[in-house]
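Trainee: Dropping in final_0.json, with JSON, C-alpha atoms.
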```
[["chain", "number", "residue", "atom", "x", "y", "z"],
["I", 4, "MET", "CA", -14.41, -10.22, -6.01],
["I", 5, "ASN", "CA", -12.84, -13.48, -4.83],
["I", 6, "ASP", "CA", -14.94, -16.43, -3.87],
["I", 7, "ALA", "CA", -15.63, -16.06, -0.15],
["I", 8, "LYS", "CA", -12.80, -17.42, 1.98],
["I", 9, "THR", "CA", -13.81, -19.24, 5.15],
["I", 10, "LEU", "CA", -11.99, -18.25, 8.34],
["I", 11, "PRO", "CA", -10.13, -21.36, 9.56],
["I", 12, "ALA", "CA", -11.20, -22.59, 12.98],
["I", 13, "ALA", "CA", -7.67, -22.33, 14.39],
["I", 14, "LEU", "CA", -7.49, -18.65, 13.45],
["I", 15, "ARG", "CA", -10.91, -17.92, 14.90],
["I", 16, "ASP", "CA", -9.94, -19.63, 18.16],
["I", 17, "TRP", "CA", -6.74, -17.56, 18.32],
["I", 18, "ALA", "CA", -8.62, -14.33, 17.64],
["I", 19, "GLU", "CA", -11.23, -15.08, 20.31],
["I", 20, "ARG", "CA", -8.48, -15.73, 22.86],
["I", 21, "GLU", "CA", -7.12, -12.26, 22.07],
["I", 22, "ILE", "CA", -10.29, -10.14, 21.82],
["I", 23, "GLY", "CA", -13.15, -12.22, 23.23],
["I", 24, "GLY", "CA", -16.17, -13.79, 21.60],
["I", 25, "VAL", "CA", -16.82, -13.21, 17.90],
["I", 26, "THR", "CA", -20.39, -13.20, 16.61],
["I", 27, "GLU", "CA", -19.80, -12.52, 12.93],
["I", 28, "THR", "CA", -17.04, -12.95, 10.35],
["I", 29, "ARG", "CA", -16.89, -11.56, 6.81],
["I", 30, "ASP", "CA", -14.39, -12.16, 4.04],
["I", 31, "ALA", "CA", -12.70, -8.81, 3.38],
["I", 32, "SER", "CA", -9.92, -10.01, 1.07],
["I", 33, "HIS", "CA", -8.73, -8.05, -1.94],
["I", 34, "PRO", "CA", -9.61, -9.67, -5.29],
["I", 35, "ARG", "CA", -6.38, -11.60, -5.59],
["I", 36, "GLN", "CA", -5.43, -15.15, -4.72],
["I", 37, "ASP", "CA", -2.94, -14.46, -1.92],
["I", 38, "SER", "CA", -5.16, -11.98, -0.03],
["I", 39, "ARG", "CA", -6.67, -13.45, 3.15],
["I", 40, "VAL", "CA", -8.44, -10.88, 5.34],
["I", 41, "TRP", "CA", -11.54, -11.18, 7.50],
["I", 42, "GLU", "CA", -13.63, -8.62, 9.35],
["I", 43, "LEU", "CA", -14.59, -9.82, 12.82],
["I", 44, "VAL", "CA", -17.44, -8.44, 14.90],
["I", 45, "ARG", "CA", -17.16, -8.95, 18.65],
["I", 46, "THR", "CA", -20.13, -9.57, 20.91],
["I", 47, "ASP", "CA", -20.17, -5.88, 21.91],
["I", 48, "GLY", "CA", -20.26, -4.77, 18.25],
["I", 49, "CYS", "CA", -16.61, -3.70, 18.03],
["I", 50, "ARG", "CA", -14.98, -4.53, 14.68],
["I", 51, "PHE", "CA", -11.53, -5.97, 14.07],
["I", 52, "TYR", "CA", -9.59, -7.29, 11.09],
["I", 53, "LEU", "CA", -7.65, -10.54, 10.95],
["I", 54, "LYS", "CA", -5.09, -10.70, 8.17],
["I", 55, "VAL", "CA", -2.91, -13.63, 7.14],
["I", 56, "SER", "CA", 0.21, -12.30, 5.45],
["I", 57, "PRO", "CA", 1.17, -13.94, 2.15],
["I", 58, "THR", "CA", 4.82, -14.37, 3.21],
["I", 59, "ALA", "CA", 6.96, -14.27, 6.31],
["I", 60, "ARG", "CA", 8.65, -11.12, 5.02],
["I", 61, "THR", "CA", 5.39, -9.19, 4.57],
["I", 62, "TYR", "CA", 4.29, -10.39, 8.01],
["I", 63, "GLU", "CA", 7.48, -9.05, 9.57],
["I", 64, "ARG", "CA", 7.20, -5.76, 7.69],
["I", 65, "GLU", "CA", 3.59, -5.11, 8.67],
["I", 66, "THR", "CA", 4.11, -6.17, 12.27],
["I", 67, "PHE", "CA", 7.07, -3.79, 12.59],
["I", 68, "ALA", "CA", 5.17, -0.95, 10.94],
["I", 69, "LEU", "CA", 2.11, -1.27, 13.16],
["I", 70, "ARG", "CA", 4.20, -1.51, 16.30],
["I", 71, "HIS", "CA", 6.85, 1.11, 15.65],
["I", 72, "ALA", "CA", 5.85, 3.51, 12.85],
["I", 73, "ALA", "CA", 2.11, 3.71, 12.21],
["I", 74, "PRO", "CA", 1.35, 5.13, 15.70],
["I", 75, "ALA", "CA", 3.11, 8.31, 14.54],
["I", 76, "LEU", "CA", 0.17, 8.96, 12.21],
["I", 77, "GLY", "CA", -2.13, 9.63, 15.18],
["I", 78, "ALA", "CA", -5.29, 8.06, 16.63],
["I", 79, "GLY", "CA", -7.69, 6.74, 14.02],
["I", 80, "ARG", "CA", -5.22, 7.33, 11.18],
["I", 81, "ALA", "CA", -3.99, 3.73, 10.96],
["I", 82, "PRO", "CA", -4.96, 0.35, 12.43],
["I", 83, "GLN", "CA", -3.75, -0.52, 15.91],
["I", 84, "LEU", "CA", -2.14, -3.92, 16.32],
["I", 85, "ARG", "CA", -3.95, -5.99, 18.96],
["I", 86, "ALA", "CA", -2.05, -9.26, 18.47],
["I", 87, "SER", "CA", 0.18, -11.11, 16.03],
["I", 88, "SER", "CA", 1.02, -14.77, 15.51],
["I", 89, "ALA", "CA", 4.23, -15.76, 13.78],
["I", 90, "GLU", "CA", 2.93, -19.35, 13.67],
["I", 91, "HIS", "CA", -0.03, -18.34, 11.51],
["I", 92, "LEU", "CA", 1.60, -15.23, 9.92],
["I", 93, "ALA", "CA", -1.52, -13.51, 11.25],
["I", 94, "LEU", "CA", -2.19, -9.98, 12.49],
["I", 95, "LEU", "CA", -5.23, -8.85, 14.44],
["I", 96, "THR", "CA", -5.93, -5.12, 14.22],
["I", 97, "THR", "CA", -8.58, -2.61, 15.13],
["I", 98, "ALA", "CA", -10.89, -1.32, 12.43],
["I", 99, "VAL", "CA", -10.25, 2.18, 11.10],
["I", 100, "PRO", "CA", -13.16, 4.53, 10.39],
["I", 101, "GLY", "CA", -13.99, 5.19, 6.75],
["I", 102, "ARG", "CA", -14.04, 3.54, 3.36],
["I", 103, "PRO", "CA", -11.55, 3.64, 0.49],
["I", 104, "ALA", "CA", -11.64, 7.15, -0.95],
["I", 105, "LYS", "CA", -11.92, 5.82, -4.49],
["I", 106, "GLU", "CA", -15.21, 4.04, -3.60],
["I", 107, "LEU", "CA", -16.94, 7.10, -2.17],
["I", 108, "PRO", "CA", -19.09, 9.64, -4.07],
["I", 109, "LEU", "CA", -16.93, 12.58, -2.99],
["I", 110, "THR", "CA", -17.28, 16.15, -4.17],
["I", 111, "ALA", "CA", -14.22, 17.65, -5.83],
["I", 112, "ALA", "CA", -13.45, 19.55, -2.61],
["I", 113, "GLU", "CA", -13.79, 16.41, -0.46],
["I", 114, "GLU", "CA", -11.58, 14.40, -2.79],
["I", 115, "TYR", "CA", -8.95, 17.14, -2.76],
["I", 116, "GLU", "CA", -8.98, 17.21, 1.05],
["I", 117, "ALA", "CA", -8.78, 13.42, 1.29],
["I", 118, "HIS", "CA", -5.64, 13.45, -0.85],
["I", 119, "ARG", "CA", -4.20, 16.45, 0.98],
["I", 120, "GLN", "CA", -4.50, 14.59, 4.26],
["I", 121, "GLY", "CA", -3.32, 11.47, 2.47],
["I", 122, "GLY", "CA", -0.07, 13.33, 1.79],
["I", 123, "LEU", "CA", 0.18, 14.77, 5.30],
["I", 124, "LEU", "CA", 0.25, 11.31, 6.88],
["I", 125, "PRO", "CA", 3.24, 9.96, 4.90],
["I", 126, "ALA", "CA", 5.19, 13.02, 5.98],
["I", 127, "ARG", "CA", 4.72, 11.84, 9.56],
["I", 128, "LEU", "CA", 5.42, 8.22, 8.66],
["I", 129, "HIS", "CA", 8.63, 9.03, 6.79],
["I", 130, "ALA", "CA", 10.04, 10.61, 9.93],
["I", 131, "ALA", "CA", 9.14, 7.60, 12.10],
["I", 132, "GLY", "CA", 11.56, 4.86, 13.01],
["I", 133, "GLU", "CA", 15.27, 5.00, 13.69],
["I", 134, "LEU", "CA", 17.22, 5.07, 10.43],
["I", 135, "THR", "CA", 20.48, 3.53, 11.59],
["I", 136, "GLY", "CA", 22.59, 0.46, 10.95],
["I", 137, "ARG", "CA", 20.98, -2.23, 8.82],
["I", 138, "ARG", "CA", 17.93, -0.05, 8.16],
["I", 139, "ARG", "CA", 20.01, 2.72, 6.63],
["I", 140, "VAL", "CA", 21.93, 0.23, 4.51],
["I", 141, "GLU", "CA", 18.63, -1.19, 3.24],
["I", 142, "ALA", "CA", 17.32, 2.28, 2.42],
["I", 143, "GLU", "CA", 20.49, 3.42, 0.67],
["I", 144, "GLY", "CA", 20.57, 0.27, -1.45],
["I", 145, "ALA", "CA", 16.88, 0.27, -2.41],
["I", 146, "LEU", "CA", 17.25, 1.87, -5.84],
["I", 147, "CYS", "CA", 20.08, -0.41, -6.89],
["I", 148, "ALA", "CA", 18.02, -3.36, -5.69],
["I", 149, "ALA", "CA", 15.10, -2.19, -7.83],
["I", 150, "ALA", "CA", 17.36, -1.76, -10.85],
["I", 151, "HIS", "CA", 18.92, -5.18, -10.32],
["I", 152, "GLY", "CA", 15.63, -6.91, -11.09],
["I", 153, "VAL", "CA", 15.07, -5.25, -14.46],
["I", 154, "ASP", "CA", 16.52, -8.09, -16.56],
["I", 155, "GLY", "CA", 14.11, -10.63, -15.09],
["I", 156, "CYS", "CA", 11.16, -8.25, -15.52],
["I", 157, "LEU", "CA", 12.00, -7.55, -19.15],
["I", 158, "GLU", "CA", 12.55, -11.22, -19.91],
["I", 159, "GLU", "CA", 9.14, -12.05, -18.45],
["I", 160, "ALA", "CA", 7.53, -9.20, -20.40],
["I", 161, "GLY", "CA", 8.97, -10.52, -23.65],
["I", 162, "ASP", "CA", 7.25, -9.27, -26.79],
["I", 163, "ARG", "CA", 4.64, -7.38, -24.81],
["I", 164, "LEU", "CA", 7.15, -4.53, -25.17],
["I", 165, "THR", "CA", 8.67, -3.19, -28.37],
["I", 166, "ALA", "CA", 12.42, -3.18, -28.80],
["I", 167, "ALA", "CA", 12.39, 0.58, -28.15],
["I", 168, "GLU", "CA", 10.44, 0.10, -24.91],
["I", 169, "HIS", "CA", 12.86, -2.62, -23.77],
["I", 170, "ALA", "CA", 15.77, -0.25, -24.40],
["I", 171, "LEU", "CA", 14.04, 2.65, -22.63],
["I", 172, "VAL", "CA", 13.26, 0.68, -19.48],
["I", 173, "ARG", "CA", 16.75, -0.81, -19.36],
["I", 174, "ASP", "CA", 18.23, 2.68, -19.67],
["I", 175, "LEU", "CA", 15.97, 4.03, -16.90],
["I", 176, "ALA", "CA", 17.02, 1.17, -14.63],
["I", 177, "GLY", "CA", 20.66, 1.89, -15.37],
["I", 178, "GLN", "CA", 20.18, 5.51, -14.35],
["I", 179, "LEU", "CA", 18.91, 4.39, -10.93],
["I", 180, "ARG", "CA", 22.35, 2.92, -10.22],
["I", 181, "ARG", "CA", 23.94, 6.34, -10.65],
["I", 182, "VAL", "CA", 21.66, 8.40, -8.41],
["I", 183, "GLY", "CA", 23.23, 10.39, -5.60],
["I", 184, "PRO", "CA", 21.98, 10.68, -2.01],
["I", 185, "LEU", "CA", 18.22, 11.17, -1.58],
["I", 186, "PRO", "CA", 15.96, 11.81, 1.43],
["I", 187, "LEU", "CA", 15.37, 8.51, 3.23],
["I", 188, "GLY", "CA", 12.64, 7.39, 5.60],
["I", 189, "PHE", "CA", 10.10, 4.75, 6.52],
["I", 190, "ILE", "CA", 7.56, 4.42, 3.71],
["I", 191, "HIS", "CA", 4.10, 2.84, 3.55],
["I", 192, "GLY", "CA", 5.11, 1.25, 0.26],
["I", 193, "ASP", "CA", 1.64, 0.56, -1.15],
["I", 194, "ALA", "CA", 0.06, 3.99, -1.49],
["I", 195, "TRP", "CA", -2.85, 3.12, -3.75],
["I", 196, "PRO", "CA", -6.18, 4.93, -3.27],
["I", 197, "ARG", "CA", -7.71, 1.60, -2.17],
["I", 198, "ASN", "CA", -5.56, 1.84, 0.96],
["I", 199, "LEU", "CA", -6.52, 5.47, 1.67],
["I", 200, "LEU", "CA", -9.64, 5.53, 3.84],
["I", 201, "TRP", "CA", -11.83, 8.60, 4.23],
["I", 202, "SER", "CA", -14.40, 9.41, 6.90],
["I", 203, "GLY", "CA", -13.91, 13.16, 6.95],
["I", 204, "ARG", "CA", -10.39, 12.25, 8.12],
["I", 205, "ALA", "CA", -7.82, 10.31, 6.14],
["I", 206, "ALA", "CA", -6.25, 7.05, 7.28],
["I", 207, "TRP", "CA", -3.88, 4.54, 5.68],
["I", 208, "ILE", "CA", -4.19, 0.76, 5.94],
["I", 209, "ASP", "CA", -2.23, -2.26, 4.65],
["I", 210, "PHE", "CA", 1.42, -1.85, 5.66],
["I", 211, "GLU", "CA", 2.78, -5.15, 4.34],
["I", 212, "ARG", "CA", 5.12, -3.41, 1.88],
["I", 213, "SER", "CA", 6.40, -0.83, 4.36],
["I", 214, "ARG", "CA", 10.15, -0.44, 4.67],
["I", 215, "PHE", "CA", 13.04, 2.01, 4.94],
["I", 216, "ALA", "CA", 13.74, 3.48, 1.50],
["I", 217, "PRO", "CA", 14.18, 6.73, -0.42],
["I", 218, "VAL", "CA", 10.91, 8.49, 0.35],
["I", 219, "VAL", "CA", 10.24, 9.18, -3.34],
["I", 220, "GLN", "CA", 9.41, 5.48, -3.71],
["I", 221, "GLU", "CA", 6.23, 6.24, -1.78],
["I", 222, "PHE", "CA", 4.81, 8.12, -4.75],
["I", 223, "VAL", "CA", 5.35, 5.63, -7.60],
["I", 224, "ALA", "CA", 1.88, 4.08, -7.34],
["I", 225, "LEU", "CA", 0.23, 7.50, -7.26],
["I", 226, "ALA", "CA", 2.31, 8.87, -10.14],
["I", 227, "CYS", "CA", 1.47, 5.85, -12.31],
["I", 228, "GLY", "CA", -2.19, 5.94, -11.29],
["I", 229, "VAL", "CA", -4.44, 8.68, -10.04],
["I", 230, "TRP", "CA", -1.98, 11.53, -10.61],
["I", 231, "ALA", "CA", -1.95, 10.78, -14.35],
["I", 232, "ASP", "CA", -5.70, 11.41, -14.51],
["I", 233, "GLU", "CA", -5.97, 14.08, -11.84],
["I", 234, "PRO", "CA", -2.97, 16.44, -11.62],
["I", 235, "ARG", "CA", -4.86, 18.45, -8.99],
["I", 236, "LEU", "CA", -4.64, 15.43, -6.67],
["I", 237, "ARG", "CA", -0.87, 15.46, -7.08],
["I", 238, "ALA", "CA", -0.92, 19.08, -5.93],
["I", 239, "ALA", "CA", -3.20, 18.14, -3.02],
["I", 240, "CYS", "CA", -1.02, 15.25, -1.89],
["I", 241, "LEU", "CA", 2.27, 17.11, -2.09],
["I", 242, "GLY", "CA", 0.65, 20.14, -0.49],
["I", 243, "GLY", "CA", -0.22, 17.95, 2.48],
["I", 244, "TYR", "CA", 3.22, 16.36, 2.35],
["I", 245, "GLY", "CA", 4.70, 19.79, 2.87],
["I", 246, "ARG", "CA", 7.10, 20.06, -0.04],
["I", 247, "GLU", "CA", 7.55, 19.44, -3.74],
["I", 248, "LEU", "CA", 9.78, 16.62, -4.90],
["I", 249, "THR", "CA", 13.32, 17.70, -5.69],
["I", 250, "PRO", "CA", 14.56, 17.54, -9.31],
["I", 251, "GLU", "CA", 16.56, 14.44, -8.37],
["I", 252, "GLU", "CA", 13.47, 12.80, -6.87],
["I", 253, "ARG", "CA", 11.38, 13.60, -9.95],
["I", 254, "HIS", "CA", 14.01, 11.97, -12.11],
["I", 255, "VAL", "CA", 14.06, 8.87, -9.90],
["I", 256, "LEU", "CA", 10.27, 8.75, -9.95],
["I", 257, "LYS", "CA", 10.37, 8.61, -13.74],
["I", 258, "CYS", "CA", 12.92, 5.79, -13.67],
["I", 259, "LEU", "CA", 10.88, 3.81, -11.14],
["I", 260, "ALA", "CA", 7.75, 4.36, -13.23],
["I", 261, "GLY", "CA", 9.41, 2.47, -16.06],
["I", 262, "LEU", "CA", 9.94, -0.57, -13.84],
["I", 263, "ASP", "CA", 6.41, -0.32, -12.48],
["I", 264, "ALA", "CA", 4.99, -0.15, -16.00],
["I", 265, "VAL", "CA", 6.67, -3.39, -17.07],
["I", 266, "SER", "CA", 5.57, -5.13, -13.89],
["I", 267, "ALA", "CA", 1.97, -3.90, -14.23],
["I", 268, "LEU", "CA", 1.71, -4.83, -17.90],
["I", 269, "THR", "CA", 3.09, -8.32, -17.37],
["I", 270, "TRP", "CA", 1.12, -9.05, -14.20],
["I", 271, "GLY", "CA", -2.10, -7.67, -15.62],
["I", 272, "GLU", "CA", -1.96, -9.76, -18.78],
["I", 273, "THR", "CA", -0.79, -12.89, -16.97],
["I", 274, "HIS", "CA", -3.58, -12.64, -14.38],
["I", 275, "ASP", "CA", -6.26, -11.43, -16.81],
["I", 276, "ASP", "CA", -6.55, -8.02, -15.12],
["I", 277, "PRO", "CA", -7.06, -5.51, -17.93],
["I", 278, "HIS", "CA", -7.07, -2.52, -15.57],
["I", 279, "VAL", "CA", -3.57, -3.23, -14.24],
["I", 280, "ALA", "CA", -2.30, -4.05, -17.73],
["I", 281, "ALA", "CA", -3.76, -0.79, -19.06],
["I", 282, "ARG", "CA", -2.00, 1.15, -16.31],
["I", 283, "GLY", "CA", 1.31, -0.32, -17.37],
["I", 284, "ARG", "CA", 0.68, 0.38, -21.04],
["I", 285, "ARG", "CA", -0.37, 3.96, -20.31],
["I", 286, "THR", "CA", 2.74, 4.61, -18.21],
["I", 287, "LEU", "CA", 4.96, 3.26, -20.99],
["I", 288, "HIS", "CA", 3.20, 5.54, -23.46],
["I", 289, "ARG", "CA", 3.73, 8.55, -21.18],
["I", 290, "LEU", "CA", 7.41, 7.69, -20.84],
["I", 291, "THR", "CA", 8.04, 7.13, -24.55],
["I", 292, "THR", "CA", 6.21, 10.32, -25.55],
["I", 293, "GLY", "CA", 7.98, 12.41, -22.91],
["I", 294, "VAL", "CA", 4.82, 13.50, -21.04],
["I", 295, "PHE", "CA", 5.55, 11.69, -17.75],
["I", 296, "ALA", "CA", 5.90, 14.25, -14.97]]
```
Kindly transcribe the structure held in the file into C-alpha cells.

Mentor:
Amino acid sequence: MNDAKTLPAALRDWAEREIGGVTETRDASHPRQDSRVWELVRTDGCRFYLKVSPTARTYERETFALRHAAPALGAGRAPQLRASSAEHLALLTTAVPGRPAKELPLTAAEEYEAHRQGGLLPARLHAAGELTGRRRVEAEGALCAAAHGVDGCLEEAGDRLTAAEHALVRDLAGQLRRVGPLPLGFIHGDAWPRNLLWSGRAAWIDFERSRFAPVVQEFVALACGVWADEPRLRAACLGGYGRELTPEERHVLKCLAGLDAVSALTWGETHDDPHVAARGRRTLHRLTTGVFA
C-alpha cells in the first residue's frame, strides 16, 4: 500500500462546492506512484470518489467514458460522474456498491457468476458510443499502433528476454500489422479483476484506459492473468459476453499477449513488483511452449 496521500485543500474545496460538506476523507489510491484517489464521505453519509488523473489524456478518456458510454451498463454497474475539473484533471464520481471480486471470499459459484456478469457488461459497453469519423480511424489503427511500439519495448527489456523470446515477440507484433477487419467498439481497456466489483451484482470501475478499439483488446489482461489459472472463468466471462472469440480474434489475442508479457516483465522488475514480473514471465513461457489459448 502507498503511504497515505493527503487530499489537497484546493481539491477538497472544489469537491465540497460540487457535493456539499465532507466529513471524512480516505486515501483510496492503488499501490503505485501516479495513483491519486480519495474516498469522500458527505455529511449525510453518502460516499463519493475523487480521482486525479495521471495525464490529460487519461482524464479525457475517463471523462468521455463516464459521460457517454458507462451509463449503458445500467444503474449501479459503473460510477456516475458528478463533476470534472480540467484544471485539476480531477473527476468526482458516485461510489459503486461492492468490493473487488478478487478480494472477496467467494464460493466457486459466486466467483463464476461475478465473472459471467463481468463479461455481460463489456458486451453492453462495446456497443456504446458512435463509432464514426476519428473514432473509427483510431479503432482501426489500434493494432498497428500497438505493434509500432514493440522496438522500444524490446530495447527496454534488453537481456531480460532470450534471443528466441525477442524474435518471437517481434514476429507476433509483425503479425498484428497484417490482421484483417475485426469487430470494433468502445472498450473499458483495463479489465483486471481489481476493477471488477461484486456485491451480488457486478460493476466495473476505473475507465481511464477506455477507448475505441478492436473489442478483443478488452480481454488481454484477463487472458494473461486470471484466465491462465482459471479456465472456467474464461468460460464464465465469454458466456456472459454472449459469444466466443473468433479464430482471428484468438490469434490477435495471442499476439497482444506477447507485447503485454514484455511490458509486464520490464515494468515489474523496474518497479520491484515481483507479481507483475511473474505474470510477464509466465505469459512468455506459455507463448514459447505453445500452450497459450

Trainee: Using all atoms listed in the file, can you tell me which of I:Arg39, I:Leu128, I:Ala73, I:Glu114 comes closest to His91 of chain I?

Mentor: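 Ranking I:Arg39, I:Leu128, I:Ala73, I:Glu114 by distance to His91 of chain I, first place goes to I:Arg39.
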
Trainee: If we count only C-alpha atoms, what is near Leu107 of chain I at a cut-off of 10 Å, once residues fewer than 6 positions away on the same chain are taken out, given as an MDAnalysis selection string?

Mentor: chainID I and resid 101 113:114 200:202

Trainee: Contacts of Cys156 of chain I at 12 Å or less, counting all atoms listed in the file, minus same-chain residues fewer than 5 places along, as a list in words?

Mentor: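 In the requested form, the answer reads Ala149, Ala150, His151, Gly161, Asp162, Arg163, Leu164, His169, Val172, Arg173, Ala176, Gly261, Leu262, Asp263, Ala264, Val265, Ser266, Ala267, Leu268, Thr269 and Trp270 of chain I.
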
Trainee: In Å to one decimal, how far is atom CA of Arg70 of chain I from atom CA of Val218 of chain I?

Mentor: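 Result for atom CA of Val218 of chain I versus atom CA of Arg70 of chain I: 20.0 Å, one decimal.
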
Trainee: In Å, how far is it from atom CA of Phe210 of chain I to atom CA of Arg85 of chain I?

Mentor: 14.9 Å

Trainee: For Arg204 of chain I, which residue out of I:Val44, I:Ala148, I:Ala31, I:Ala78 is the nearest one, using only C-alpha atoms?

Mentor: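 Nearest candidate to Arg204 of chain I out of I:Val44, I:Ala148, I:Ala31, I:Ala78: I:Ala78.
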
Trainee: Would you please work out which residue, of I:Arg64, I:Arg20, I:His278, I:Lys257, is nearest to Leu175 of chain I when using all atoms listed in the file?

Mentor: I:Lys257

Trainee: Is it possible to get the axis-aligned box enclosing segment 28-35 of chain I (all listed atoms, 8 Å extra per side) as lines of an AutoDock Vina configuration file, with centre and edge lengths in Å rounded to one decimal?

Mentor:
```
center_x = -11.7
center_y = -10.5
center_z = 2.4
size_x = 26.7
size_y = 20.9
size_z = 31.9
```

Trainee: Have a look at I:Asp174, I:Glu159, I:Glu247, I:Glu211 and name the one nearest to Leu259 of chain I; count all atoms listed in the file.

Mentor: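 Comparing I:Asp174, I:Glu159, I:Glu247, I:Glu211 against Leu259 of chain I, the winner is I:Asp174.
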